[in-house]
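Dumped data_3.pdb below, it's PDB, C-alpha atoms, pLDDT in the B column:
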ATOM      1  CA  MET A   1      12.179   2.000 -37.380  1.00 72.00           C
ATOM      2  CA  LYS A   2      14.808   1.231 -34.761  1.00 74.00           C
ATOM      3  CA  LEU A   3      15.966   4.825 -34.865  1.00 77.00           C
ATOM      4  CA  ILE A   4      12.439   6.037 -34.100  1.00 80.00           C
ATOM      5  CA  LYS A   5      12.114   3.719 -31.076  1.00 83.00           C
ATOM      6  CA  LEU A   6      15.503   4.647 -29.609  1.00 86.00           C
ATOM      7  CA  PRO A   7      14.423   7.806 -27.696  1.00 87.00           C
ATOM      8  CA  PHE A   8      11.381   5.975 -26.329  1.00 89.00           C
ATOM      9  CA  LYS A   9      13.551   3.087 -25.178  1.00 90.00           C
ATOM     10  CA  LEU A  10      15.853   5.512 -23.389  1.00 91.00           C
ATOM     11  CA  ILE A  11      12.852   7.029 -21.639  1.00 92.00           C
ATOM     12  CA  ALA A  12      11.655   3.507 -20.840  1.00 92.00           C
ATOM     13  CA  TYR A  13      14.953   2.751 -19.080  1.00 94.00           C
ATOM     14  CA  ILE A  14      14.428   5.752 -16.820  1.00 94.00           C
ATOM     15  CA  LEU A  15      10.828   4.715 -16.158  1.00 94.00           C
ATOM     16  CA  ILE A  16      11.962   1.155 -15.361  1.00 95.00           C
ATOM     17  CA  ALA A  17      14.331   2.521 -12.720  1.00 95.00           C
ATOM     18  CA  ILE A  18      11.643   4.753 -11.218  1.00 95.00           C
ATOM     19  CA  VAL A  19       9.031   1.999 -11.155  1.00 95.00           C
ATOM     20  CA  TYR A  20      11.556  -0.436  -9.673  1.00 96.00           C
ATOM     21  CA  VAL A  21      12.365   1.972  -6.835  1.00 96.00           C
ATOM     22  CA  LEU A  22       8.636   2.525  -6.202  1.00 95.00           C
ATOM     23  CA  THR A  23       8.118  -1.241  -6.164  1.00 95.00           C
ATOM     24  CA  LEU A  24      10.839  -1.680  -3.556  1.00 96.00           C
ATOM     25  CA  ILE A  25       9.362   1.095  -1.409  1.00 95.00           C
ATOM     26  CA  VAL A  26       5.874  -0.410  -1.596  1.00 94.00           C
ATOM     27  CA  LYS A  27       7.217  -3.900  -0.790  1.00 95.00           C
ATOM     28  CA  VAL A  28       8.949  -2.562   2.318  1.00 95.00           C
ATOM     29  CA  LEU A  29       5.822  -0.664   3.372  1.00 93.00           C
ATOM     30  CA  VAL A  30       3.604  -3.723   2.862  1.00 93.00           C
ATOM     31  CA  ASN A  31       5.945  -5.898   4.926  1.00 94.00           C
ATOM     32  CA  LEU A  32       6.160  -3.331   7.718  1.00 93.00           C
ATOM     33  CA  SER A  33       2.425  -2.733   7.741  1.00 91.00           C
ATOM     34  CA  THR A  34       1.719  -6.447   8.084  1.00 91.00           C
ATOM     35  CA  TYR A  35       3.852  -6.500  11.226  1.00 94.00           C
ATOM     36  CA  VAL A  36       1.722  -3.679  12.632  1.00 92.00           C
ATOM     37  CA  LEU A  37      -1.698  -4.619  11.274  1.00 92.00           C
ATOM     38  CA  GLY A  38      -1.376  -8.358  11.932  1.00 93.00           C
ATOM     39  CA  PRO A  39      -1.410  -8.169  15.740  1.00 94.00           C
ATOM     40  CA  PHE A  40      -3.949  -5.335  15.597  1.00 95.00           C
ATOM     41  CA  MET A  41      -6.259  -7.525  13.534  1.00 95.00           C
ATOM     42  CA  LEU A  42      -5.831 -10.395  15.999  1.00 96.00           C
ATOM     43  CA  VAL A  43      -6.823  -8.069  18.832  1.00 96.00           C
ATOM     44  CA  LEU A  44      -9.834  -6.921  16.808  1.00 96.00           C
ATOM     45  CA  ILE A  45     -10.904 -10.526  16.219  1.00 96.00           C
ATOM     46  CA  GLY A  46     -10.588 -11.233  19.934  1.00 96.00           C
ATOM     47  CA  CYS A  47     -12.626  -8.133  20.725  1.00 95.00           C
ATOM     48  CA  CYS A  48     -15.260  -9.197  18.188  1.00 95.00           C
ATOM     49  CA  ILE A  49     -15.562 -12.586  19.864  1.00 96.00           C
ATOM     50  CA  PHE A  50     -15.881 -10.943  23.289  1.00 95.00           C
ATOM     51  CA  VAL A  51     -18.498  -8.492  22.013  1.00 96.00           C
ATOM     52  CA  ILE A  52     -20.503 -11.340  20.426  1.00 95.00           C
ATOM     53  CA  ILE A  53     -20.479 -13.223  23.724  1.00 95.00           C
ATOM     54  CA  LYS A  54     -21.593 -10.136  25.665  1.00 93.00           C
ATOM     55  CA  GLY A  55     -24.150  -9.134  23.029  1.00 91.00           C
ATOM     56  CA  PHE A  56     -22.991  -5.566  22.362  1.00 90.00           C
ATOM     57  CA  TRP A  57     -24.071  -5.451  18.735  1.00 91.00           C
ATOM     58  CA  SER A  58     -23.398  -1.773  18.086  1.00 92.00           C
ATOM     59  CA  GLN A  59     -19.779  -2.196  19.155  1.00 94.00           C
ATOM     60  CA  LEU A  60     -19.532  -5.296  16.980  1.00 94.00           C
ATOM     61  CA  LEU A  61     -20.448  -3.147  14.002  1.00 95.00           C
ATOM     62  CA  ILE A  62     -17.632  -0.711  14.813  1.00 95.00           C
ATOM     63  CA  LEU A  63     -15.065  -3.470  15.392  1.00 95.00           C
ATOM     64  CA  GLY A  64     -16.139  -5.337  12.266  1.00 95.00           C
ATOM     65  CA  THR A  65     -15.810  -2.169  10.210  1.00 96.00           C
ATOM     66  CA  LEU A  66     -12.278  -1.601  11.552  1.00 96.00           C
ATOM     67  CA  LEU A  67     -11.368  -5.197  10.740  1.00 96.00           C
ATOM     68  CA  ILE A  68     -12.707  -4.898   7.197  1.00 96.00           C
ATOM     69  CA  LEU A  69     -10.807  -1.624   6.708  1.00 96.00           C
ATOM     70  CA  CYS A  70      -7.570  -3.298   7.821  1.00 94.00           C
ATOM     71  CA  VAL A  71      -8.069  -6.145   5.350  1.00 95.00           C
ATOM     72  CA  LEU A  72      -8.967  -3.729   2.549  1.00 96.00           C
ATOM     73  CA  SER A  73      -5.905  -1.577   3.228  1.00 94.00           C
ATOM     74  CA  LEU A  74      -3.612  -4.604   2.940  1.00 93.00           C
ATOM     75  CA  PHE A  75      -5.443  -5.765  -0.181  1.00 95.00           C
ATOM     76  CA  GLY A  76      -5.115  -2.317  -1.748  1.00 95.00           C
ATOM     77  CA  ALA A  77      -1.405  -2.132  -0.987  1.00 93.00           C
ATOM     78  CA  VAL A  78      -0.773  -5.533  -2.566  1.00 93.00           C
ATOM     79  CA  TRP A  79      -2.904  -4.543  -5.573  1.00 96.00           C
ATOM     80  CA  ILE A  80      -0.721  -1.465  -6.066  1.00 95.00           C
ATOM     81  CA  LEU A  81       2.378  -3.662  -5.762  1.00 95.00           C
ATOM     82  CA  ILE A  82       1.111  -6.056  -8.437  1.00 96.00           C
ATOM     83  CA  PHE A  83       0.231  -3.124 -10.712  1.00 96.00           C
ATOM     84  CA  LEU A  84       3.751  -1.691 -10.379  1.00 95.00           C
ATOM     85  CA  GLU A  85       5.348  -5.066 -11.094  1.00 95.00           C
ATOM     86  CA  SER A  86       3.220  -5.600 -14.199  1.00 96.00           C
ATOM     87  CA  ALA A  87       4.019  -2.067 -15.419  1.00 94.00           C
ATOM     88  CA  ASN A  88       7.715  -2.805 -14.926  1.00 94.00           C
ATOM     89  CA  ASP A  89       7.375  -6.058 -16.899  1.00 94.00           C
ATOM     90  CA  ASN A  90       5.580  -4.244 -19.719  1.00 94.00           C
ATOM     91  CA  LEU A  91       8.324  -1.612 -19.888  1.00 93.00           C
ATOM     92  CA  LYS A  92      10.997  -4.323 -19.977  1.00 94.00           C
ATOM     93  CA  GLY A  93       9.104  -6.034 -22.795  1.00 92.00           C
ATOM     94  CA  PHE A  94       9.045  -2.775 -24.740  1.00 91.00           C
ATOM     95  CA  VAL A  95      12.774  -2.332 -24.324  1.00 91.00           C
ATOM     96  CA  ARG A  96      13.457  -5.892 -25.514  1.00 90.00           C
ATOM     97  CA  SER A  97      11.340  -5.431 -28.644  1.00 83.00           C
TER
END

Can the structure from this file be put into structure tokens for me?
Amino acid sequence: MKLIKLPFKLIAYILIAIVYVLTLIVKVLVNLSTYVLGPFMLVLIGCCIFVIIKGFWSQLLILGTLLILCVLSLFGAVWILIFLESANDNLKGFVRS
């Protein structure tokens, strides 16, 4: 049985390396995007408050949509990061078995 699993474990080692590199790339991109999106989101919140005070409701809809898209983009990036880390853990578990 061990002889049958050997080629798959060798392939799993290659996949672990690929997934690990992708995880590092996504981590760097998430960290860099938070430095860009964080201040942008603060500006959007300030603009939303100003628009609420002035009563420009159509512009509030546009600003709110942009703010929600920023939050969803960060959430999606972190979701991809968690998926890659769990895939890497599953591959490591297969190799250990």

On this file, the PyMOL selection byres ((chain A and resi 81) around 10) gives some set of residues; write that set as a list in words.
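Taken over the shown coordinates, the PyMOL selection byres ((chain A and resi 81) around 10) returns Leu22, Thr23, Leu24, Ile25, Val26, Lys27, Val30, Phe75, Gly76, Ala77, Val78, Trp79, Ile80, Ile82, Phe83, Leu84, Glu85, Ser86 and Ala87 of chain A.
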
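The residue that comes closest to A:Ser33, out of A:Leu10, A:Val71, A:Ile45, A:Ile16 and on the basis of only C-alpha atoms, is A:Val71.
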
Kindly give the distance, in Å, that separates atom CA of A:Met41 and atom CA of A:Cys70, rounded to a single decimal.
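Answer for the atom CA of A:Met41 to atom CA of A:Cys70 separation: 7.2 Å.
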
Which one is closest to A:Leu74: A:Lys92, A:Ser97, A:Ile52, A:Val36? Count all atoms listed in the file.
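Checking each candidate against A:Leu74, we get A:Val36 as the closest.
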
Selection: 12 Å around A:Lys5, all atoms listed in the file, excl. self and same-chain fewer than 6 positions, as a PDB file with C-alpha atoms, in the frame of the given file:
ATOM      1  CA  ILE A  11      12.852   7.029 -21.639  1.00 92.00           C
ATOM      2  CA  ALA A  12      11.655   3.507 -20.840  1.00 92.00           C
ATOM      3  CA  PHE A  94       9.045  -2.775 -24.740  1.00 91.00           C
ATOM      4  CA  VAL A  95      12.774  -2.332 -24.324  1.00 91.00           C
ATOM      5  CA  ARG A  96      13.457  -5.892 -25.514  1.00 90.00           C
ATOM      6  CA  SER A  97      11.340  -5.431 -28.644  1.00 83.00           C
TER       7      SER A  97
END

Which is closest to A:Leu69 among A:Lys2, A:Val28, A:Tyr13, A:Leu44, if we use all atoms listed in the file?
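Going through A:Lys2, A:Val28, A:Tyr13, A:Leu44 one by one, the smallest distance to A:Leu69 is for A:Leu44.
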
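Relative to atom CA of A:Ser73, atom CA of A:Asn31 is found at 12.7 Å.
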
Which residue of A:Asn88, A:Met1, A:Leu37, A:Gly55 approaches A:Ile68 most closely, using all atoms listed in the file:
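With all atoms listed in the file as the atom set, the closest residue is A:Leu37.
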
So which one's closest to A:Phe50, A:Leu72, A:Leu63, A:Ile18, A:Leu91? Using all atoms listed in the file, please.
A:Leu63

Could you check how far atom CA of A:Asp89 sits from atom CA of A:Ala17, in Å to one decimal?
11.8 Å
